[in-house]
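Engineer: Data file work_14.pdb (PDB, C-alpha atoms and all ligand atoms) is appended below.
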```
MODEL        1
ATOM      1  CA  MET O 241      72.353   4.092  12.474  1.00  0.00           C
ATOM      2  CA  LYS O 242      74.205   4.179  15.793  1.00  0.00           C
ATOM      3  CA  VAL O 243      77.673   2.698  15.424  1.00  0.00           C
ATOM      4  CA  GLY O 244      79.927   1.972  18.388  1.00  0.00           C
ATOM      5  CA  VAL O 245      83.673   1.416  18.496  1.00  0.00           C
ATOM      6  CA  LEU O 246      84.830  -1.003  21.184  1.00  0.00           C
ATOM      7  CA  ALA O 247      87.116   1.311  23.136  1.00  0.00           C
ATOM      8  CA  LEU O 248      89.063  -0.943  25.487  1.00  0.00           C
ATOM      9  CA  GLN O 249      92.432  -0.927  23.685  1.00  0.00           C
ATOM     10  CA  GLY O 250      93.824  -0.383  20.202  1.00  0.00           C
ATOM     11  CA  ASP O 251      93.379   2.213  17.495  1.00  0.00           C
ATOM     12  CA  VAL O 252      89.950   3.424  18.548  1.00  0.00           C
ATOM     13  CA  ARG O 253      90.481   7.061  17.541  1.00  0.00           C
ATOM     14  CA  GLU O 254      91.445   6.126  13.985  1.00  0.00           C
ATOM     15  CA  HIS O 255      88.241   4.090  13.529  1.00  0.00           C
ATOM     16  CA  ILE O 256      86.185   6.967  14.971  1.00  0.00           C
ATOM     17  CA  SER O 257      87.728   9.348  12.401  1.00  0.00           C
ATOM     18  CA  ALA O 258      87.137   6.937   9.514  1.00  0.00           C
ATOM     19  CA  LEU O 259      83.482   6.480  10.528  1.00  0.00           C
ATOM     20  CA  ILE O 260      82.980  10.249  10.830  1.00  0.00           C
ATOM     21  CA  ALA O 261      84.375  10.573   7.293  1.00  0.00           C
ATOM     22  CA  CYS O 262      81.639   8.130   6.223  1.00  0.00           C
ATOM     23  CA  GLY O 263      78.947  10.385   7.699  1.00  0.00           C
ATOM     24  CA  ILE O 264      78.471   8.364  10.894  1.00  0.00           C
ATOM     25  CA  ASN O 265      78.493   9.853  14.380  1.00  0.00           C
ATOM     26  CA  PRO O 266      80.173   6.974  16.260  1.00  0.00           C
ATOM     27  CA  VAL O 267      80.252   6.405  20.013  1.00  0.00           C
ATOM     28  CA  GLU O 268      82.884   4.711  22.164  1.00  0.00           C
ATOM     29  CA  VAL O 269      81.731   1.523  23.853  1.00  0.00           C
ATOM     30  CA  ARG O 270      83.205   0.662  27.253  1.00  0.00           C
ATOM     31  CA  ARG O 271      80.159  -0.383  29.258  1.00  0.00           C
ATOM     32  CA  PRO O 272      77.261  -2.806  28.745  1.00  0.00           C
ATOM     33  CA  SER O 273      74.778   0.113  28.679  1.00  0.00           C
ATOM     34  CA  GLU O 274      76.742   1.734  25.832  1.00  0.00           C
ATOM     35  CA  LEU O 275      76.729  -1.558  23.925  1.00  0.00           C
ATOM     36  CA  GLU O 276      72.955  -1.874  24.338  1.00  0.00           C
ATOM     37  CA  ASP O 277      72.589   1.521  22.749  1.00  0.00           C
ATOM     38  CA  VAL O 278      74.368   0.783  19.458  1.00  0.00           C
ATOM     39  CA  ASP O 279      73.065  -0.915  16.310  1.00  0.00           C
ATOM     40  CA  ALA O 280      76.485  -1.971  15.006  1.00  0.00           C
ATOM     41  CA  LEU O 281      80.004  -2.308  16.406  1.00  0.00           C
ATOM     42  CA  VAL O 282      83.594  -1.906  15.198  1.00  0.00           C
ATOM     43  CA  ILE O 283      86.345  -3.856  16.948  1.00  0.00           C
ATOM     44  CA  PRO O 284      89.674  -2.087  16.374  1.00  0.00           C
ATOM     45  CA  GLY O 285      93.155  -3.339  15.719  1.00  0.00           C
ATOM     46  CA  GLY O 286      95.346  -3.673  18.765  1.00  0.00           C
ATOM     47  CA  GLU O 287      96.107  -6.769  20.777  1.00  0.00           C
ATOM     48  CA  SER O 288      93.423  -9.437  20.664  1.00  0.00           C
ATOM     49  CA  THR O 289      94.440 -11.076  23.965  1.00  0.00           C
ATOM     50  CA  THR O 290      94.273  -7.729  25.790  1.00  0.00           C
ATOM     51  CA  ILE O 291      90.945  -6.722  24.245  1.00  0.00           C
ATOM     52  CA  ALA O 292      89.441 -10.115  25.188  1.00  0.00           C
ATOM     53  CA  GLN O 293      90.691  -9.849  28.777  1.00  0.00           C
ATOM     54  CA  LEU O 294      89.519  -6.265  29.158  1.00  0.00           C
ATOM     55  CA  SER O 295      86.106  -7.187  27.769  1.00  0.00           C
ATOM     56  CA  GLU O 296      85.730  -9.636  30.655  1.00  0.00           C
ATOM     57  CA  ILE O 297      86.892  -7.090  33.218  1.00  0.00           C
ATOM     58  CA  PHE O 298      84.456  -4.496  31.790  1.00  0.00           C
ATOM     59  CA  ASP O 299      81.573  -7.055  31.763  1.00  0.00           C
ATOM     60  CA  LEU O 300      81.338  -6.824  27.988  1.00  0.00           C
ATOM     61  CA  TYR O 301      82.497 -10.282  26.924  1.00  0.00           C
ATOM     62  CA  GLN O 302      79.195 -12.166  27.198  1.00  0.00           C
ATOM     63  CA  PRO O 303      77.026  -9.186  26.144  1.00  0.00           C
ATOM     64  CA  ILE O 304      79.085  -8.791  22.936  1.00  0.00           C
ATOM     65  CA  LYS O 305      78.796 -12.523  22.226  1.00  0.00           C
ATOM     66  CA  ASN O 306      75.038 -12.323  22.782  1.00  0.00           C
ATOM     67  CA  ARG O 307      74.648  -9.340  20.448  1.00  0.00           C
ATOM     68  CA  ILE O 308      76.711 -11.110  17.765  1.00  0.00           C
ATOM     69  CA  ASP O 309      74.464 -14.174  18.100  1.00  0.00           C
ATOM     70  CA  ALA O 310      71.431 -11.907  17.840  1.00  0.00           C
ATOM     71  CA  GLY O 311      72.678 -10.542  14.496  1.00  0.00           C
ATOM     72  CA  MET O 312      74.362  -7.246  15.384  1.00  0.00           C
ATOM     73  CA  PRO O 313      76.578  -6.196  12.437  1.00  0.00           C
ATOM     74  CA  VAL O 314      80.235  -6.080  13.469  1.00  0.00           C
ATOM     75  CA  TYR O 315      83.418  -5.086  11.656  1.00  0.00           C
ATOM     76  CA  GLY O 316      86.769  -6.222  13.065  1.00  0.00           C
ATOM     77  CA  SER O 317      90.159  -5.069  11.771  1.00  0.00           C
ATOM     78  CA  CYS O 318      93.268  -7.144  12.524  1.00  0.00           C
ATOM     79  CA  ALA O 319      92.938  -7.951  16.259  1.00  0.00           C
ATOM     80  CA  GLY O 320      89.217  -7.404  15.620  1.00  0.00           C
ATOM     81  CA  MET O 321      89.303 -10.127  12.960  1.00  0.00           C
ATOM     82  CA  ILE O 322      90.898 -12.503  15.462  1.00  0.00           C
ATOM     83  CA  LEU O 323      88.204 -11.655  18.010  1.00  0.00           C
ATOM     84  CA  LEU O 324      85.435 -12.478  15.509  1.00  0.00           C
ATOM     85  CA  ALA O 325      86.964 -15.817  14.456  1.00  0.00           C
ATOM     86  CA  ASP O 326      85.469 -19.055  15.705  1.00  0.00           C
ATOM     87  CA  SER O 327      88.936 -20.546  15.951  1.00  0.00           C
ATOM     88  CA  ILE O 328      92.552 -19.324  16.167  1.00  0.00           C
ATOM     89  CA  LEU O 329      95.901 -20.900  15.370  1.00  0.00           C
ATOM     90  CA  ASP O 330      98.991 -19.745  17.279  1.00  0.00           C
ATOM     91  CA  ALA O 331      96.698 -18.408  19.992  1.00  0.00           C
ATOM     92  CA  LYS O 332      98.000 -17.489  23.406  1.00  0.00           C
ATOM     93  CA  GLN O 333      97.120 -20.234  25.890  1.00  0.00           C
ATOM     94  CA  GLY O 334      93.505 -19.857  26.962  1.00  0.00           C
ATOM     95  CA  GLN O 335      92.885 -17.013  24.494  1.00  0.00           C
ATOM     96  CA  LYS O 336      89.175 -16.384  24.004  1.00  0.00           C
ATOM     97  CA  THR O 337      87.345 -14.828  21.079  1.00  0.00           C
ATOM     98  CA  PHE O 338      83.798 -13.526  20.723  1.00  0.00           C
ATOM     99  CA  GLY O 339      83.477 -15.727  17.638  1.00  0.00           C
ATOM    100  CA  GLY O 340      80.584 -15.743  15.173  1.00  0.00           C
ATOM    101  CA  LEU O 341      82.595 -15.873  11.942  1.00  0.00           C
ATOM    102  CA  ASP O 342      83.092 -19.447  10.785  1.00  0.00           C
ATOM    103  CA  ILE O 343      86.785 -18.976  10.014  1.00  0.00           C
ATOM    104  CA  THR O 344      90.117 -20.166  11.367  1.00  0.00           C
ATOM    105  CA  VAL O 345      92.738 -17.406  11.557  1.00  0.00           C
ATOM    106  CA  ARG O 346      96.444 -17.685  12.173  1.00  0.00           C
ATOM    107  CA  ARG O 347      97.710 -14.949  14.500  1.00  0.00           C
ATOM    108  CA  ASN O 348     100.809 -13.012  13.425  1.00  0.00           C
ATOM    109  CA  ALA O 349     100.750 -15.057  10.215  1.00  0.00           C
ATOM    110  CA  PHE O 350     102.619 -12.446   8.166  1.00  0.00           C
ATOM    111  CA  GLY O 351     105.391 -12.284  10.769  1.00  0.00           C
ATOM    112  CA  ARG O 352     106.396 -10.043  13.631  1.00  0.00           C
ATOM    113  CA  GLN O 353     106.256  -6.258  14.035  1.00  0.00           C
ATOM    114  CA  VAL O 354     109.350  -5.848  11.816  1.00  0.00           C
ATOM    115  CA  ASP O 355     107.581  -7.757   9.038  1.00  0.00           C
ATOM    116  CA  SER O 356     104.756  -5.209   8.881  1.00  0.00           C
ATOM    117  CA  PHE O 357     104.071  -4.018   5.332  1.00  0.00           C
ATOM    118  CA  GLU O 358     101.738  -2.047   3.090  1.00  0.00           C
ATOM    119  CA  THR O 359     100.454  -3.150  -0.270  1.00  0.00           C
ATOM    120  CA  ASP O 360      97.691  -2.342  -2.770  1.00  0.00           C
ATOM    121  CA  ILE O 361      95.051  -5.024  -2.944  1.00  0.00           C
ATOM    122  CA  ALA O 362      91.895  -5.689  -4.910  1.00  0.00           C
ATOM    123  CA  PHE O 363      88.788  -5.556  -2.708  1.00  0.00           C
ATOM    124  CA  ALA O 364      85.631  -7.174  -4.061  1.00  0.00           C
ATOM    125  CA  ASP O 365      83.168  -4.320  -3.609  1.00  0.00           C
ATOM    126  CA  GLY O 366      82.569  -3.893  -7.302  1.00  0.00           C
ATOM    127  CA  SER O 367      85.255  -1.248  -7.816  1.00  0.00           C
ATOM    128  CA  ASP O 368      88.265  -2.015  -9.991  1.00  0.00           C
ATOM    129  CA  GLN O 369      90.436   0.445  -8.013  1.00  0.00           C
ATOM    130  CA  LEU O 370      93.017  -1.098  -5.704  1.00  0.00           C
ATOM    131  CA  THR O 371      92.927  -0.197  -2.041  1.00  0.00           C
ATOM    132  CA  ARG O 372      95.930   0.486   0.218  1.00  0.00           C
ATOM    133  CA  ALA O 373      96.215  -2.133   2.941  1.00  0.00           C
ATOM    134  CA  VAL O 374      98.431  -1.805   6.018  1.00  0.00           C
ATOM    135  CA  PHE O 375      99.419  -5.075   7.711  1.00  0.00           C
ATOM    136  CA  ILE O 376     100.848  -4.940  11.258  1.00  0.00           C
ATOM    137  CA  ARG O 377     101.517  -8.321  12.911  1.00  0.00           C
ATOM    138  CA  ALA O 378      98.496  -9.321  10.929  1.00  0.00           C
ATOM    139  CA  PRO O 379      96.567 -12.578  10.916  1.00  0.00           C
ATOM    140  CA  TRP O 380      95.439 -14.338   7.768  1.00  0.00           C
ATOM    141  CA  VAL O 381      92.484 -16.600   7.314  1.00  0.00           C
ATOM    142  CA  GLU O 382      93.529 -20.194   7.029  1.00  0.00           C
ATOM    143  CA  LYS O 383      90.132 -21.873   6.680  1.00  0.00           C
ATOM    144  CA  VAL O 384      86.658 -20.609   5.862  1.00  0.00           C
ATOM    145  CA  GLY O 385      83.382 -22.347   6.557  1.00  0.00           C
ATOM    146  CA  SER O 386      80.365 -22.361   4.281  1.00  0.00           C
ATOM    147  CA  GLY O 387      78.590 -19.032   4.063  1.00  0.00           C
ATOM    148  CA  ILE O 388      81.837 -17.062   4.263  1.00  0.00           C
ATOM    149  CA  GLU O 389      82.608 -14.779   1.346  1.00  0.00           C
ATOM    150  CA  ILE O 390      86.270 -13.957   0.617  1.00  0.00           C
ATOM    151  CA  LEU O 391      86.628 -10.293  -0.429  1.00  0.00           C
ATOM    152  CA  ALA O 392      90.416  -9.925  -0.700  1.00  0.00           C
ATOM    153  CA  THR O 393      93.526 -12.088  -0.659  1.00  0.00           C
ATOM    154  CA  VAL O 394      97.290 -11.602  -0.366  1.00  0.00           C
ATOM    155  CA  ASP O 395      99.458 -14.399  -1.794  1.00  0.00           C
ATOM    156  CA  SER O 396      96.274 -16.494  -1.957  1.00  0.00           C
ATOM    157  CA  HIS O 397      95.572 -16.046   1.777  1.00  0.00           C
ATOM    158  CA  PRO O 398      92.176 -14.479   2.510  1.00  0.00           C
ATOM    159  CA  VAL O 399      92.606 -11.114   4.267  1.00  0.00           C
ATOM    160  CA  ALA O 400      89.022  -9.795   4.044  1.00  0.00           C
ATOM    161  CA  VAL O 401      85.986 -11.980   4.679  1.00  0.00           C
ATOM    162  CA  ARG O 402      82.345 -11.609   5.562  1.00  0.00           C
ATOM    163  CA  SER O 403      79.257 -13.504   6.559  1.00  0.00           C
ATOM    164  CA  LYS O 404      75.792 -11.926   6.480  1.00  0.00           C
ATOM    165  CA  THR O 405      76.385  -9.643   9.465  1.00  0.00           C
ATOM    166  CA  LEU O 406      80.088  -9.951  10.305  1.00  0.00           C
ATOM    167  CA  PHE O 407      82.966  -8.462   8.344  1.00  0.00           C
ATOM    168  CA  ALA O 408      86.688  -8.685   9.064  1.00  0.00           C
ATOM    169  CA  THR O 409      89.964  -7.543   7.526  1.00  0.00           C
ATOM    170  CA  SER O 410      93.536  -8.584   8.441  1.00  0.00           C
ATOM    171  CA  PHE O 411      94.637  -5.071   7.551  1.00  0.00           C
ATOM    172  CA  HIS O 412      93.977  -1.599   8.983  1.00  0.00           C
ATOM    173  CA  PRO O 413      91.930   0.671   6.692  1.00  0.00           C
ATOM    174  CA  GLU O 414      91.597   3.045   9.657  1.00  0.00           C
ATOM    175  CA  LEU O 415      95.265   3.961   9.179  1.00  0.00           C
ATOM    176  CA  THR O 416      94.794   5.245   5.628  1.00  0.00           C
ATOM    177  CA  ALA O 417      92.836   8.151   4.172  1.00  0.00           C
ATOM    178  CA  ASP O 418      90.806   5.779   1.994  1.00  0.00           C
ATOM    179  CA  HIS O 419      87.519   5.054   3.775  1.00  0.00           C
ATOM    180  CA  ARG O 420      86.161   2.574   1.278  1.00  0.00           C
ATOM    181  CA  ILE O 421      86.367  -0.388   3.657  1.00  0.00           C
ATOM    182  CA  HIS O 422      84.450   1.414   6.414  1.00  0.00           C
ATOM    183  CA  ARG O 423      81.905   2.573   3.838  1.00  0.00           C
ATOM    184  CA  TYR O 424      81.531  -1.029   2.678  1.00  0.00           C
ATOM    185  CA  PHE O 425      80.799  -2.104   6.261  1.00  0.00           C
ATOM    186  CA  ILE O 426      78.217   0.630   6.750  1.00  0.00           C
ATOM    187  CA  GLU O 427      76.462   0.377   3.383  1.00  0.00           C
ATOM    188  CA  GLU O 428      76.854  -3.284   2.411  1.00  0.00           C
ATOM    189  CA  VAL O 429      76.932  -5.119   5.732  1.00  0.00           C
ATOM    190  CA  ALA O 430      75.335  -3.067   8.515  1.00  0.00           C
ATOM    191  CA  ARG O 431      72.581  -1.186   6.663  1.00  0.00           C
ATOM    192  CA  PRO O 432      71.083  -4.216   4.873  1.00  0.00           C
ATOM    193  CA  ALA O 433      71.273  -6.300   8.068  1.00  0.00           C
ATOM    194  CA  LEU O 434      69.553  -3.608  10.142  1.00  0.00           C
ATOM    195  CA  GLU O 435      66.910  -2.964   7.504  1.00  0.00           C
ATOM    196  CA  LYS O 436      65.935  -6.606   7.626  1.00  0.00           C
ATOM    197  CA  VAL O 437      65.416  -6.456  11.393  1.00  0.00           C
ATOM    198  CA  LYS O 438      63.024  -3.461  11.148  1.00  0.00           C
TER
HETATM  199  N1  LIG O 501      98.907  -9.652  16.404  1.00  0.00           N
HETATM  200  C1  LIG O 501      97.885  -8.926  17.089  1.00  0.00           C
HETATM  201  C2  LIG O 501      96.973  -9.849  17.898  1.00  0.00           C
HETATM  202  O1  LIG O 501      97.144 -11.003  17.933  1.00  0.00           O
HETATM  203  C3  LIG O 501      97.036  -8.133  16.123  1.00  0.00           C
HETATM  204  C4  LIG O 501      97.832  -6.987  15.564  1.00  0.00           C
HETATM  205  C5  LIG O 501      97.030  -5.806  15.140  1.00  0.00           C
HETATM  206  O2  LIG O 501      95.833  -5.640  15.445  1.00  0.00           O
HETATM  207  N2  LIG O 501      97.711  -4.924  14.471  1.00  0.00           N
HETATM  208  O3  LIG O 501      96.078  -9.358  18.499  1.00  0.00           O
ENDMDL
END
```
How does this structure look as structure tokens?

Structural biologist:
Amino acid sequence: MKVGVLALQGDVREHISALIACGINPVEVRRPSELEDVDALVIPGGESTTIAQLSEIFDLYQPIKNRIDAGMPVYGSCAGMILLADSILDAKQGQKTFGGLDITVRRNAFGRQVDSFETDIAFADGSDQLTRAVFIRAPWVEKVGSGIEILATVDSHPVAVRSKTLFATSFHPELTADHRIHRYFIEEVARPALEKVK
């Protein structure tokens, strides 16, 4: 499976390392030809407004939307979650997303940079071990549409959700040594979706 990391802004290197730890040989995606070459994509944490703007400048905005519509598996962490959401609250004026996940997210819902925090959360992948979750100016999910599965919550706010092919977390598993969330994306979201296409 060829997995790309959208490498326009944000913590690209950390996602690359986490994917390598999961046995994947990821590639950085900055051009349409590189996007065409991958089976699945990770959208990193960073700044969602900047990533959206850069994706237009790099001629990736519409191609990413098209691939999402065509069923490409995508994982978005934090800013990546915002970019996968169909609708955003507290968005910057004119802020665009790629969309595809039938959720409404609230940007910076947990507060500003100084309100960043880490906590252990339960993640519904069948394990009863908690996972360390790092929240940095993180969004939460305020509304989910039908067909969206909630995989983790903090104070009853969903912070990990998925549809058939799209997966998003408010937190940053790429900043911890625990690669369970990336492994979940590869084994439980991307692989089954790609096997179906074959
Ligand atoms: N608040 C940022 C945004 O709106 C996301 C922060 C992050 O990815 N750590 O894009």

Engineer: So what do you get for atom CA of Arg271 of chain O versus atom CA of His412 of chain O, distance-wise?

Structural biologist: 24.6 Å

Engineer: The PyMOL selection byres (((chain O and resi 389) around 7) and not hetatm) on the file shown: which residues, as a CSV table (one decimal) with C-alpha atoms, in the frame of the given file?

Structural biologist:
```csv
chain,number,residue,atom,x,y,z
O,387,GLY,CA,78.6,-19.0,4.1
O,388,ILE,CA,81.8,-17.1,4.3
O,390,ILE,CA,86.3,-14.0,0.6
O,391,LEU,CA,86.6,-10.3,-0.4
O,401,VAL,CA,86.0,-12.0,4.7
O,402,ARG,CA,82.3,-11.6,5.6
O,403,SER,CA,79.3,-13.5,6.6
```

Engineer: Can you list what the PyMOL selection byres (((chain O and resi 358-373) around 9) and not hetatm) grabs from this structure, as a list in words?

Structural biologist: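 Written out, the selection comes to Ser356, Phe357, Val374, Phe375, Ile376, Ile390, Leu391, Ala392, Thr393, Val394, Ala400, Ser410, Phe411, His412, Pro413, Leu415, Thr416, Asp418, Arg420, Ile421, Tyr424 and Glu428 of chain O.
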
Engineer: Which residues, written as an MDAnalysis selection string, have at least one atom at most 10 Å from segment 318-327 of chain O, with all atoms listed in the file counted and residues fewer than 2 positions away on the same chain left out?

Structural biologist: chainID O and resid 246 250 282:292 305 308 314:316 329 331 335:348 374:381 383:385 399:401 406:413

Engineer: Do you have the atom CA of Lys242 of chain O-atom CA of Leu294 of chain O distance handy?

Structural biologist: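 Between these atoms lies a distance of 22.9 Å.
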
Engineer: Rounded to one decimal, what separation in Å do you get between atom CA of Gln333 of chain O and atom CA of Ala310 of chain O?

Structural biologist: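 These two atoms are separated by 28.2 Å.
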
Engineer: Taking all atoms of ligand LIG 501 (chain O) that appear in the file, build a box with edges along x, y and z, extend it by 3 Å on every side, and state its centre and edge lengths in Å to one decimal, as AutoDock Vina command-line options.

Structural biologist:
```
--center_x 97.4 --center_y -8.0 --center_z 16.5 --size_x 9.1 --size_y 12.1 --size_z 10.0
```

Engineer: Choose the residue, out of O:Ser257, O:Ser396, O:Gln249, O:Glu414, that has the smallest atom-to-atom separation from Val269 of chain O; count all atoms listed in the file.

Structural biologist: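 For Val269 of chain O, the nearest of the given residues is O:Gln249.
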
Engineer: From the list O:Ala261, O:Val252, O:Ile426, O:Met312, which residue is nearest ligand LIG 501 (chain O) when using all atoms listed in the file?

Structural biologist: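 So, comparing all the options, the nearest one is O:Val252.
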
Engineer: Would you output segment 322-332 of chain O from that structure, restricted to all heavy atoms, as a PDB file, in the first residue's frame?

Structural biologist:
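Listed below is the output, result33.pdb:
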```pdb
ATOM      1  N   ILE O 322     -10.133  18.985  10.644  1.00  0.00           N
ATOM      2  CA  ILE O 322     -10.896  20.149  10.175  1.00  0.00           C
ATOM      3  C   ILE O 322     -11.023  20.102   8.653  1.00  0.00           C
ATOM      4  O   ILE O 322     -12.096  20.347   8.088  1.00  0.00           O
ATOM      5  CB  ILE O 322     -10.208  21.462  10.634  1.00  0.00           C
ATOM      6  CG1 ILE O 322     -10.201  21.538  12.167  1.00  0.00           C
ATOM      7  CG2 ILE O 322     -10.882  22.687  10.029  1.00  0.00           C
ATOM      8  CD1 ILE O 322      -9.323  22.629  12.757  1.00  0.00           C
ATOM      9  N   LEU O 323      -9.925  19.734   7.992  1.00  0.00           N
ATOM     10  CA  LEU O 323      -9.919  19.721   6.524  1.00  0.00           C
ATOM     11  C   LEU O 323     -10.795  18.615   5.939  1.00  0.00           C
ATOM     12  O   LEU O 323     -11.194  18.681   4.783  1.00  0.00           O
ATOM     13  CB  LEU O 323      -8.479  19.601   6.017  1.00  0.00           C
ATOM     14  CG  LEU O 323      -7.704  20.919   6.175  1.00  0.00           C
ATOM     15  CD1 LEU O 323      -6.204  20.671   6.216  1.00  0.00           C
ATOM     16  CD2 LEU O 323      -8.048  21.877   5.033  1.00  0.00           C
ATOM     17  N   LEU O 324     -11.094  17.587   6.734  1.00  0.00           N
ATOM     18  CA  LEU O 324     -11.972  16.510   6.245  1.00  0.00           C
ATOM     19  C   LEU O 324     -13.441  16.770   6.566  1.00  0.00           C
ATOM     20  O   LEU O 324     -14.323  16.078   6.050  1.00  0.00           O
ATOM     21  CB  LEU O 324     -11.556  15.164   6.859  1.00  0.00           C
ATOM     22  CG  LEU O 324     -10.268  14.543   6.322  1.00  0.00           C
ATOM     23  CD1 LEU O 324      -9.935  13.271   7.101  1.00  0.00           C
ATOM     24  CD2 LEU O 324     -10.403  14.226   4.828  1.00  0.00           C
ATOM     25  N   ALA O 325     -13.698  17.766   7.423  1.00  0.00           N
ATOM     26  CA  ALA O 325     -15.088  18.003   7.875  1.00  0.00           C
ATOM     27  C   ALA O 325     -15.911  18.686   6.790  1.00  0.00           C
ATOM     28  O   ALA O 325     -15.425  19.563   6.083  1.00  0.00           O
ATOM     29  CB  ALA O 325     -15.061  18.871   9.128  1.00  0.00           C
ATOM     30  N   ASP O 326     -17.173  18.271   6.697  1.00  0.00           N
ATOM     31  CA  ASP O 326     -18.065  18.944   5.746  1.00  0.00           C
ATOM     32  C   ASP O 326     -18.392  20.352   6.209  1.00  0.00           C
ATOM     33  O   ASP O 326     -18.661  21.221   5.405  1.00  0.00           O
ATOM     34  CB  ASP O 326     -19.371  18.144   5.586  1.00  0.00           C
ATOM     35  CG  ASP O 326     -19.204  16.974   4.640  1.00  0.00           C
ATOM     36  OD1 ASP O 326     -18.190  16.939   3.917  1.00  0.00           O
ATOM     37  OD2 ASP O 326     -20.080  16.092   4.617  1.00  0.00           O
ATOM     38  N   SER O 327     -18.416  20.564   7.540  1.00  0.00           N
ATOM     39  CA  SER O 327     -18.683  21.947   7.961  1.00  0.00           C
ATOM     40  C   SER O 327     -17.936  22.309   9.244  1.00  0.00           C
ATOM     41  O   SER O 327     -17.637  21.448  10.077  1.00  0.00           O
ATOM     42  CB  SER O 327     -20.203  22.164   8.020  1.00  0.00           C
ATOM     43  OG  SER O 327     -20.678  22.040   9.286  1.00  0.00           O
ATOM     44  N   ILE O 328     -17.581  23.612   9.347  1.00  0.00           N
ATOM     45  CA  ILE O 328     -16.741  24.088  10.463  1.00  0.00           C
ATOM     46  C   ILE O 328     -17.435  25.232  11.185  1.00  0.00           C
ATOM     47  O   ILE O 328     -17.993  26.127  10.548  1.00  0.00           O
ATOM     48  CB  ILE O 328     -15.385  24.698   9.994  1.00  0.00           C
ATOM     49  CG1 ILE O 328     -14.898  24.128   8.671  1.00  0.00           C
ATOM     50  CG2 ILE O 328     -14.338  24.572  11.055  1.00  0.00           C
ATOM     51  CD1 ILE O 328     -13.660  24.878   8.172  1.00  0.00           C
ATOM     52  N   LEU O 329     -17.338  25.222  12.509  1.00  0.00           N
ATOM     53  CA  LEU O 329     -17.763  26.356  13.317  1.00  0.00           C
ATOM     54  C   LEU O 329     -16.511  27.107  13.743  1.00  0.00           C
ATOM     55  O   LEU O 329     -15.457  26.503  13.929  1.00  0.00           O
ATOM     56  CB  LEU O 329     -18.535  25.868  14.550  1.00  0.00           C
ATOM     57  CG  LEU O 329     -19.793  25.063  14.224  1.00  0.00           C
ATOM     58  CD1 LEU O 329     -20.341  24.387  15.477  1.00  0.00           C
ATOM     59  CD2 LEU O 329     -20.849  25.941  13.587  1.00  0.00           C
ATOM     60  N   ASP O 330     -16.650  28.416  13.929  1.00  0.00           N
ATOM     61  CA  ASP O 330     -15.503  29.278  14.258  1.00  0.00           C
ATOM     62  C   ASP O 330     -14.427  29.210  13.171  1.00  0.00           C
ATOM     63  O   ASP O 330     -13.220  29.265  13.452  1.00  0.00           O
ATOM     64  CB  ASP O 330     -14.898  28.924  15.626  1.00  0.00           C
ATOM     65  CG  ASP O 330     -15.881  29.221  16.751  1.00  0.00           C
ATOM     66  OD1 ASP O 330     -16.755  30.098  16.561  1.00  0.00           O
ATOM     67  OD2 ASP O 330     -15.779  28.578  17.812  1.00  0.00           O
ATOM     68  N   ALA O 331     -14.877  29.085  11.937  1.00  0.00           N
ATOM     69  CA  ALA O 331     -13.940  29.058  10.806  1.00  0.00           C
ATOM     70  C   ALA O 331     -13.450  30.473  10.538  1.00  0.00           C
ATOM     71  O   ALA O 331     -14.100  31.446  10.904  1.00  0.00           O
ATOM     72  CB  ALA O 331     -14.654  28.525   9.571  1.00  0.00           C
ATOM     73  N   LYS O 332     -12.296  30.562   9.898  1.00  0.00           N
ATOM     74  CA  LYS O 332     -11.835  31.851   9.406  1.00  0.00           C
ATOM     75  C   LYS O 332     -12.731  32.191   8.209  1.00  0.00           C
ATOM     76  O   LYS O 332     -13.167  31.282   7.498  1.00  0.00           O
ATOM     77  CB  LYS O 332     -10.377  31.680   8.952  1.00  0.00           C
ATOM     78  CG  LYS O 332      -9.635  32.973   8.886  1.00  0.00           C
ATOM     79  CD  LYS O 332      -8.159  32.684   8.818  1.00  0.00           C
ATOM     80  CE  LYS O 332      -7.442  33.878   8.226  1.00  0.00           C
ATOM     81  NZ  LYS O 332      -6.044  33.588   7.955  1.00  0.00           N
TER      82      LYS O 332
END
```
